[in-house]
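Shown below: protein_38.cif, with mmCIF, C-alpha atoms.
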```cif
data_data
loop_
_atom_site.label_atom_id
_atom_site.label_comp_id
_atom_site.auth_asym_id
_atom_site.auth_seq_id
_atom_site.Cartn_x
_atom_site.Cartn_y
_atom_site.Cartn_z
CA MET A 1335 -128.79 7.22 34.54
CA ALA A 1336 -130.55 4.47 36.50
CA SER A 1337 -133.58 4.57 34.18
CA LEU A 1338 -131.31 4.28 31.15
CA THR A 1339 -129.58 1.22 32.62
CA THR A 1340 -132.95 -0.42 33.41
CA SER A 1341 -134.17 0.18 29.85
CA ILE A 1342 -131.07 -1.35 28.30
CA HIS A 1343 -131.29 -4.36 30.63
CA SER A 1344 -134.97 -4.93 29.72
CA ALA A 1345 -134.20 -4.69 26.01
CA CYS A 1346 -131.48 -7.33 26.37
CA ASN A 1347 -133.91 -9.67 28.18
CA LEU A 1348 -136.56 -9.25 25.46
CA ASN A 1349 -134.02 -9.89 22.70
CA ALA A 1350 -132.75 -13.00 24.47
CA ALA A 1351 -136.29 -14.33 24.94
CA PHE A 1352 -137.09 -13.73 21.28
CA LEU A 1353 -133.97 -15.57 20.13
CA GLY A 1354 -134.69 -18.45 22.53
CA ASP A 1355 -138.25 -18.86 21.28
CA ARG A 1356 -137.19 -19.00 17.63
CA SER A 1357 -134.16 -21.28 17.98
CA GLY A 1358 -135.31 -23.43 20.85
CA LEU A 1359 -132.16 -22.68 22.80
CA SER A 1360 -131.80 -21.20 26.22
CA VAL A 1361 -129.87 -17.91 26.13
CA ALA A 1362 -128.20 -16.76 29.31
CA VAL A 1363 -128.23 -13.02 29.95
CA ALA A 1364 -125.49 -11.56 32.10
CA PRO A 1365 -126.35 -8.57 34.27
CA LEU A 1366 -125.33 -5.23 32.82
CA GLY A 1367 -122.40 -3.89 34.75
CA ARG A 1368 -120.07 -0.91 34.55
CA VAL A 1369 -117.92 -0.79 31.41
CA ARG A 1370 -114.27 0.00 31.96
CA PHE A 1371 -111.65 0.96 29.40
CA MET A 1372 -108.03 -0.02 29.98
CA ARG A 1373 -105.26 2.18 28.62
CA LYS A 1374 -102.39 0.26 27.10
CA LEU A 1375 -98.91 1.65 27.64
CA VAL A 1376 -96.95 1.68 24.38
CA GLU A 1377 -93.19 1.87 24.68
CA CYS A 1378 -91.52 4.20 22.16
CA LYS A 1379 -88.76 2.73 20.07
CA ASP A 1380 -85.28 4.23 20.13
CA SER A 1381 -84.42 6.59 17.30
CA ARG A 1382 -82.10 5.09 14.69
CA ILE A 1383 -80.08 8.30 14.67
CA GLY A 1384 -80.29 8.89 18.41
CA LYS A 1385 -78.78 5.56 19.43
CA LYS A 1386 -75.64 6.01 17.29
CA PRO A 1387 -72.57 6.92 19.38
CA ILE A 1388 -70.63 10.09 18.54
CA GLU A 1389 -66.88 9.80 18.00
CA VAL A 1390 -64.81 12.55 19.60
CA PRO A 1391 -61.53 13.48 17.82
CA SER A 1392 -58.34 13.79 19.79
CA ASN A 1393 -58.18 17.57 19.27
CA VAL A 1394 -61.62 18.16 20.82
CA THR A 1395 -62.20 18.66 24.56
CA ILE A 1396 -65.54 17.67 26.09
CA THR A 1397 -66.85 19.11 29.37
CA LEU A 1398 -70.08 17.63 30.71
CA GLU A 1399 -71.75 19.03 33.83
CA GLY A 1400 -75.21 17.65 34.40
CA GLN A 1401 -77.32 18.72 31.40
CA ASP A 1402 -74.73 21.26 30.19
CA LEU A 1403 -72.30 20.22 27.46
CA ARG A 1404 -69.30 22.28 26.35
CA VAL A 1405 -67.22 21.37 23.31
CA LYS A 1406 -63.90 23.04 22.52
CA GLY A 1407 -61.77 22.48 19.45
CA PRO A 1408 -59.20 24.18 17.21
CA LEU A 1409 -61.88 26.26 15.41
CA GLY A 1410 -63.86 27.46 18.40
CA GLU A 1411 -66.01 26.58 21.39
CA LEU A 1412 -69.72 25.71 21.62
CA SER A 1413 -72.05 24.91 24.51
CA ARG A 1414 -75.60 23.61 24.81
CA THR A 1415 -78.04 22.76 27.60
CA PHE A 1416 -80.03 19.55 27.09
CA PRO A 1417 -83.67 19.14 28.15
CA ARG A 1418 -84.59 16.79 30.98
CA GLU A 1419 -86.07 14.25 28.52
CA VAL A 1420 -82.60 13.23 27.29
CA LYS A 1421 -79.28 12.57 28.97
CA VAL A 1422 -75.72 12.68 27.67
CA VAL A 1423 -72.91 10.45 28.89
CA ARG A 1424 -69.36 9.75 27.79
CA ASP A 1425 -68.25 6.15 28.04
CA GLU A 1426 -64.77 4.78 28.74
CA SER A 1427 -63.91 4.50 25.05
CA GLY A 1428 -64.40 8.25 24.63
CA TYR A 1429 -67.66 8.12 22.65
CA ILE A 1430 -70.62 10.37 23.49
CA LYS A 1431 -73.99 8.66 23.83
CA VAL A 1432 -77.37 10.41 23.89
CA SER A 1433 -80.27 8.46 25.42
CA LYS A 1434 -83.80 9.04 26.68
CA SER A 1435 -84.33 9.53 30.40
CA VAL A 1436 -88.11 8.93 30.21
CA GLU A 1437 -90.43 7.04 27.86
CA THR A 1438 -92.64 9.77 26.43
CA ARG A 1439 -93.48 11.03 22.96
CA ARG A 1440 -91.54 14.26 23.52
CA ALA A 1441 -88.48 12.29 24.66
CA ASN A 1442 -88.68 10.20 21.51
CA GLN A 1443 -88.73 13.41 19.45
CA MET A 1444 -85.83 14.98 21.35
CA HIS A 1445 -83.66 11.86 21.17
CA GLY A 1446 -82.61 12.01 17.51
CA LEU A 1447 -82.66 15.82 17.39
CA PHE A 1448 -80.18 16.42 20.18
CA ARG A 1449 -77.94 13.60 19.01
CA THR A 1450 -77.66 15.42 15.67
CA LEU A 1451 -77.06 18.77 17.37
CA THR A 1452 -74.32 17.23 19.51
CA ASP A 1453 -72.64 15.68 16.48
CA ASN A 1454 -72.78 19.07 14.70
CA MET A 1455 -71.02 20.66 17.66
CA VAL A 1456 -68.18 18.12 17.58
CA VAL A 1457 -67.75 18.29 13.81
CA GLY A 1458 -68.05 22.08 13.80
CA VAL A 1459 -65.23 22.83 16.27
CA SER A 1460 -62.93 20.25 14.62
CA LYS A 1461 -63.63 20.53 10.85
CA GLY A 1462 -66.17 23.34 10.34
CA PHE A 1463 -69.11 23.78 7.96
CA GLU A 1464 -69.72 25.75 4.79
CA LYS A 1465 -72.81 26.95 2.95
CA ARG A 1466 -72.67 28.30 -0.62
CA LEU A 1467 -75.02 30.76 -2.30
CA GLN A 1468 -75.26 31.93 -5.90
CA LEU A 1469 -76.68 35.13 -7.39
CA VAL A 1470 -78.58 34.72 -10.65
CA GLY A 1471 -79.72 37.77 -12.60
CA VAL A 1472 -78.46 40.64 -14.73
CA GLY A 1473 -76.72 43.19 -12.54
CA TYR A 1474 -76.90 41.02 -9.41
CA ARG A 1475 -73.56 41.05 -7.61
CA ALA A 1476 -72.05 40.87 -4.14
CA MET A 1477 -68.93 42.36 -2.52
CA LEU A 1478 -67.27 42.59 0.88
CA GLU A 1479 -66.56 45.88 2.63
CA GLY A 1480 -64.84 45.10 5.90
CA ARG A 1481 -67.25 43.00 7.97
CA ASP A 1482 -70.21 43.94 5.76
CA LEU A 1483 -71.64 41.98 2.85
CA VAL A 1484 -73.03 44.36 0.22
CA LEU A 1485 -75.60 42.97 -2.23
CA ASN A 1486 -76.97 44.56 -5.40
CA LEU A 1487 -80.23 42.76 -6.07
CA GLY A 1488 -82.18 45.13 -8.28
CA PHE A 1489 -83.43 47.42 -5.51
CA SER A 1490 -83.05 51.20 -5.58
CA HIS A 1491 -80.29 50.86 -2.97
CA PRO A 1492 -77.71 48.15 -2.13
CA VAL A 1493 -78.41 45.75 0.72
CA ARG A 1494 -75.81 45.82 3.49
CA MET A 1495 -75.54 42.93 5.97
CA THR A 1496 -73.06 42.67 8.84
CA VAL A 1497 -71.35 39.28 9.09
CA PRO A 1498 -71.87 37.82 12.61
CA GLU A 1499 -68.92 36.98 14.84
CA GLY A 1500 -67.56 33.49 14.29
CA LEU A 1501 -68.53 33.39 10.61
CA LYS A 1502 -66.42 33.96 7.52
CA VAL A 1503 -67.79 35.11 4.18
CA LYS A 1504 -65.99 34.83 0.86
CA VAL A 1505 -67.18 36.21 -2.49
CA ASP A 1506 -66.00 34.73 -5.81
CA GLU A 1507 -66.68 36.29 -9.22
CA ASN A 1508 -69.13 38.75 -7.62
CA THR A 1509 -71.92 36.15 -7.81
CA ARG A 1510 -70.83 33.29 -5.55
CA ILE A 1511 -70.94 33.59 -1.76
CA ALA A 1512 -69.42 31.06 0.66
CA VAL A 1513 -70.38 31.25 4.36
CA SER A 1514 -68.18 29.15 6.68
CA GLY A 1515 -67.66 28.70 10.41
CA TYR A 1516 -67.91 26.23 13.28
CA ASP A 1517 -71.54 26.85 14.29
CA LYS A 1518 -73.82 25.14 11.76
CA CYS A 1519 -76.95 26.83 13.10
CA ALA A 1520 -75.45 30.32 12.74
CA ILE A 1521 -74.27 29.52 9.20
CA GLY A 1522 -77.71 28.35 8.16
CA GLU A 1523 -79.43 31.37 9.70
CA PHE A 1524 -77.14 33.89 7.97
CA ALA A 1525 -77.38 32.11 4.61
CA ALA A 1526 -81.19 32.03 4.91
CA ALA A 1527 -81.20 35.77 5.75
CA VAL A 1528 -79.19 36.51 2.57
CA ARG A 1529 -81.49 34.37 0.42
CA LYS A 1530 -84.59 36.00 1.93
CA TRP A 1531 -83.79 39.34 0.29
CA ARG A 1532 -84.45 37.93 -3.19
CA PRO A 1533 -85.66 34.31 -3.29
CA PRO A 1534 -85.36 32.71 -6.74
CA GLU A 1535 -88.47 33.25 -8.87
CA PRO A 1536 -89.84 30.28 -10.84
CA TYR A 1537 -89.98 31.79 -14.35
CA LYS A 1538 -86.43 32.93 -15.11
CA GLY A 1539 -84.75 31.67 -11.95
CA LYS A 1540 -83.52 35.14 -10.95
CA GLY A 1541 -82.61 35.71 -7.33
CA VAL A 1542 -80.37 34.32 -4.57
CA LYS A 1543 -80.33 30.53 -4.31
CA TYR A 1544 -78.28 27.88 -2.60
CA ALA A 1545 -75.58 26.37 -4.79
CA ASP A 1546 -77.16 22.91 -4.61
CA GLU A 1547 -80.75 24.18 -4.80
CA ILE A 1548 -82.96 23.08 -7.70
CA VAL A 1549 -85.47 25.76 -8.68
CA ARG A 1550 -88.61 24.36 -10.24
CA ARG A 1551 -89.34 26.44 -13.31
CA LYS A 1552 -92.76 27.43 -14.63
CA GLU A 1553 -93.74 28.04 -18.19
CA GLY A 1554 -94.77 31.61 -18.95
CA LYS A 1555 -98.04 32.56 -20.49
CA ALA A 1556 -98.17 31.80 -24.19
CA GLY A 1557 -98.94 34.68 -26.58
CA LYS A 1558 -102.22 34.91 -28.37
CA LYS A 1559 -102.39 32.98 -31.62
CA LYS A 1560 -102.68 35.12 -34.68
#
```
Any chance you could give the structure as structure tokens?
Amino acid sequence: MASLTTSIHSACNLNAAFLGDRSGLSVAVAPLGRVRFMRKLVECKDSRIGKKPIEVPSNVTITLEGQDLRVKGPLGELSRTFPREVKVVRDESGYIKVSKSVETRRANQMHGLFRTLTDNMVVGVSKGFEKRLQLVGVGYRAMLEGRDLVLNLGFSHPVRMTVPEGLKVKVDENTRIAVSGYDKCAIGEFAAAVRKWRPPEPYKGKGVKYADEIVRRKEGKAGKKK
């Protein structure tokens, strides 16, 4: 390492002498020292979604104990434990505010996410959520048998799925399924499990799709020209 430093220093002196001889100017050469790199601390901006306060309806009860939040309303009760990167407080006006406890990249990611999850809890126990599915295909139909959802999707046997607790399933015209409840995550998971049995294919659009889903269609192979 010492020989490398000496070589670099000698090269700098030769270059300076060469430039001085050609231009007629005296060039000062500073001694080569240790190079240091300074790390700049960048402060993360607050999430646009995360900094919005959450309004709590009068028929919803909030219980906050440290990082544990419990929400109870007319439709049900939900609870969630928040990570240490974010903190939840309830101000005097009754609004819930989610903020970052530390300035890190993970805290910036958790800020908006847990604000949305908290808002879904409040809306879920007070108003509820609903997800709609539609069956497309000849012979595709659905029916309810007690707490089981029975699907005929072109397999050799019907598909039977048990509806989880806290969810309600309604079938209209044997081809339209409505999944409702107060837990948005559970609704989305059950609806995705139903769709997974027969995702819509891109040629004829047959399968199980969300009611608001747009299936991109493909053109089939053209026949040989005669």
Find the spatial neighbours of Gly1458 in chain A, counting all atoms listed in the file, within a cut-off of 9 Å - ignore same-chain residues fewer than 6 positions away - and output them as an mmCIF file with C-alpha atoms, in the coordinates of the input.
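Wrote around-v8.cif, looks like this:
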```cif
data_model
loop_
_atom_site.group_PDB
_atom_site.id
_atom_site.type_symbol
_atom_site.label_atom_id
_atom_site.label_comp_id
_atom_site.auth_asym_id
_atom_site.auth_seq_id
_atom_site.Cartn_x
_atom_site.Cartn_y
_atom_site.Cartn_z
ATOM 1 C CA GLY A 1407 -61.770 22.480 19.450
ATOM 2 C CA LEU A 1409 -61.880 26.260 15.410
ATOM 3 C CA GLY A 1410 -63.860 27.460 18.400
ATOM 4 C CA LEU A 1412 -69.720 25.710 21.620
ATOM 5 C CA GLY A 1515 -67.660 28.700 10.410
ATOM 6 C CA TYR A 1516 -67.910 26.230 13.280
ATOM 7 C CA ASP A 1517 -71.540 26.850 14.290
ATOM 8 C CA LYS A 1518 -73.820 25.140 11.760
#
```
Find the spatial neighbours of Ser1460 in chain A, counting only C-alpha atoms, within a cut-off of 12 Å - ignore same-chain residues fewer than 3 positions away - and output them as an mmCIF file with C-alpha atoms, in the frame of the given file.
```cif
data_model
loop_
_atom_site.group_PDB
_atom_site.id
_atom_site.type_symbol
_atom_site.label_atom_id
_atom_site.label_comp_id
_atom_site.auth_asym_id
_atom_site.auth_seq_id
_atom_site.Cartn_x
_atom_site.Cartn_y
_atom_site.Cartn_z
ATOM 1 C CA GLU A 1389 -66.880 9.800 18.000
ATOM 2 C CA VAL A 1390 -64.810 12.550 19.600
ATOM 3 C CA PRO A 1391 -61.530 13.480 17.820
ATOM 4 C CA SER A 1392 -58.340 13.790 19.790
ATOM 5 C CA ASN A 1393 -58.180 17.570 19.270
ATOM 6 C CA VAL A 1394 -61.620 18.160 20.820
ATOM 7 C CA THR A 1395 -62.200 18.660 24.560
ATOM 8 C CA VAL A 1405 -67.220 21.370 23.310
ATOM 9 C CA LYS A 1406 -63.900 23.040 22.520
ATOM 10 C CA GLY A 1407 -61.770 22.480 19.450
ATOM 11 C CA PRO A 1408 -59.200 24.180 17.210
ATOM 12 C CA LEU A 1409 -61.880 26.260 15.410
ATOM 13 C CA GLY A 1410 -63.860 27.460 18.400
ATOM 14 C CA GLU A 1411 -66.010 26.580 21.390
ATOM 15 C CA LEU A 1412 -69.720 25.710 21.620
ATOM 16 C CA ASP A 1453 -72.640 15.680 16.480
ATOM 17 C CA ASN A 1454 -72.780 19.070 14.700
ATOM 18 C CA MET A 1455 -71.020 20.660 17.660
ATOM 19 C CA VAL A 1456 -68.180 18.120 17.580
ATOM 20 C CA VAL A 1457 -67.750 18.290 13.810
ATOM 21 C CA PHE A 1463 -69.110 23.780 7.960
ATOM 22 C CA GLY A 1515 -67.660 28.700 10.410
ATOM 23 C CA TYR A 1516 -67.910 26.230 13.280
ATOM 24 C CA ASP A 1517 -71.540 26.850 14.290
#
```
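Running the PyMOL selection byres ((chain A and resi 1424) around 10) on this file leaves Pro1387, Ile1388, Val1390, Ile1396, Thr1397, Leu1398, Val1422, Val1423, Asp1425, Glu1426, Ser1427, Gly1428, Tyr1429, Ile1430, Lys1431 and Val1432 of chain A selected.
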Okay, now the selection with C-alpha atoms, as a PDB file, in the frame of the given file?
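Wrote it out as result.pdb, contents follow:
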```
ATOM      1  CA  PRO A1387     -72.570   6.920  19.380  1.00  0.00           C
ATOM      2  CA  ILE A1388     -70.630  10.090  18.540  1.00  0.00           C
ATOM      3  CA  VAL A1390     -64.810  12.550  19.600  1.00  0.00           C
ATOM      4  CA  ILE A1396     -65.540  17.670  26.090  1.00  0.00           C
ATOM      5  CA  THR A1397     -66.850  19.110  29.370  1.00  0.00           C
ATOM      6  CA  LEU A1398     -70.080  17.630  30.710  1.00  0.00           C
ATOM      7  CA  VAL A1422     -75.720  12.680  27.670  1.00  0.00           C
ATOM      8  CA  VAL A1423     -72.910  10.450  28.890  1.00  0.00           C
ATOM      9  CA  ASP A1425     -68.250   6.150  28.040  1.00  0.00           C
ATOM     10  CA  GLU A1426     -64.770   4.780  28.740  1.00  0.00           C
ATOM     11  CA  SER A1427     -63.910   4.500  25.050  1.00  0.00           C
ATOM     12  CA  GLY A1428     -64.400   8.250  24.630  1.00  0.00           C
ATOM     13  CA  TYR A1429     -67.660   8.120  22.650  1.00  0.00           C
ATOM     14  CA  ILE A1430     -70.620  10.370  23.490  1.00  0.00           C
ATOM     15  CA  LYS A1431     -73.990   8.660  23.830  1.00  0.00           C
ATOM     16  CA  VAL A1432     -77.370  10.410  23.890  1.00  0.00           C
TER      17      VAL A1432
END
```
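The shortest atom-to-atom distance to Glu1479 in chain A, with all atoms listed in the file taken into account, belongs to A:Arg1494 out of A:Arg1550, A:Arg1414, A:Arg1494, A:Arg1466.
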All residues 12 Å or closer to Val1513 in chain A, all atoms listed in the file, same chain fewer than 2 positions away omitted, as a PyMOL selection string: chain A and resi 1462-1468+1483+1497-1498+1500-1506+1510-1511+1515-1528+1544-1545
Between CA of Pro1536 in chain A and CA of Thr1509 in chain A, distance in Å (one decimal): 19.1 Å
Atom pair CA of Arg1404 in chain A / CA of Lys1421 in chain A: separation (Å):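 Straight-line distance from CA of Arg1404 in chain A to CA of Lys1421 in chain A works out to 14.2 Å.
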Matched chain/residue IDs from the PyMOL selection byres ((chain A and resi 1492) around 12), as a list in words: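 The output of the PyMOL selection byres ((chain A and resi 1492) around 12) on this file is Gly1473, Tyr1474, Arg1475, Ala1476, Met1477, Asp1482, Leu1483, Val1484, Leu1485, Asn1486, Leu1487, Gly1488, Phe1489, Ser1490, His1491, Val1493, Arg1494, Met1495 and Trp1531 of chain A.
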Generate a file of the selected residues that holds C-alpha atoms, formatted as a short mmCIF file (atom, residue, chain, number, x, y, z; two decimals), in the coordinates of the input.
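Resulting contents of result-v8.cif:
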```cif
data_model
loop_
_atom_site.label_atom_id
_atom_site.label_comp_id
_atom_site.auth_asym_id
_atom_site.auth_seq_id
_atom_site.Cartn_x
_atom_site.Cartn_y
_atom_site.Cartn_z
CA GLY A 1473 -76.72 43.19 -12.54
CA TYR A 1474 -76.90 41.02 -9.41
CA ARG A 1475 -73.56 41.05 -7.61
CA ALA A 1476 -72.05 40.87 -4.14
CA MET A 1477 -68.93 42.36 -2.52
CA ASP A 1482 -70.21 43.94 5.76
CA LEU A 1483 -71.64 41.98 2.85
CA VAL A 1484 -73.03 44.36 0.22
CA LEU A 1485 -75.60 42.97 -2.23
CA ASN A 1486 -76.97 44.56 -5.40
CA LEU A 1487 -80.23 42.76 -6.07
CA GLY A 1488 -82.18 45.13 -8.28
CA PHE A 1489 -83.43 47.42 -5.51
CA SER A 1490 -83.05 51.20 -5.58
CA HIS A 1491 -80.29 50.86 -2.97
CA VAL A 1493 -78.41 45.75 0.72
CA ARG A 1494 -75.81 45.82 3.49
CA MET A 1495 -75.54 42.93 5.97
CA TRP A 1531 -83.79 39.34 0.29
#
```
Picked residues, the PyMOL selection byres ((chain A and resi 1538) around 9), as a PyMOL selection string: chain A and resi 1471+1534-1537+1539-1540+1551-1552
One-decimal distance in Å that lies between CA of Asp1402 in chain A and CA of Gly1446 in chain A: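 These atoms are spaced 17.6 Å apart.
Of the listed residues A:Lys1461, A:Arg1418, A:Lys1385, A:Arg1532, the one whose atoms come nearest to Ser1433 in chain A is A:Lys1385, with distances taken using all atoms listed in the file.
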Report as JSON the centre and the edge lengths, in Å to one decimal, of the axis-aligned box holding every listed atom of range 1445-1455 of chain A, padded by 3 Å on each side.
```
{"center_x": -77.3, "center_y": 16.3, "center_z": 17.9, "size_x": 18.6, "size_y": 14.8, "size_z": 12.5}
```
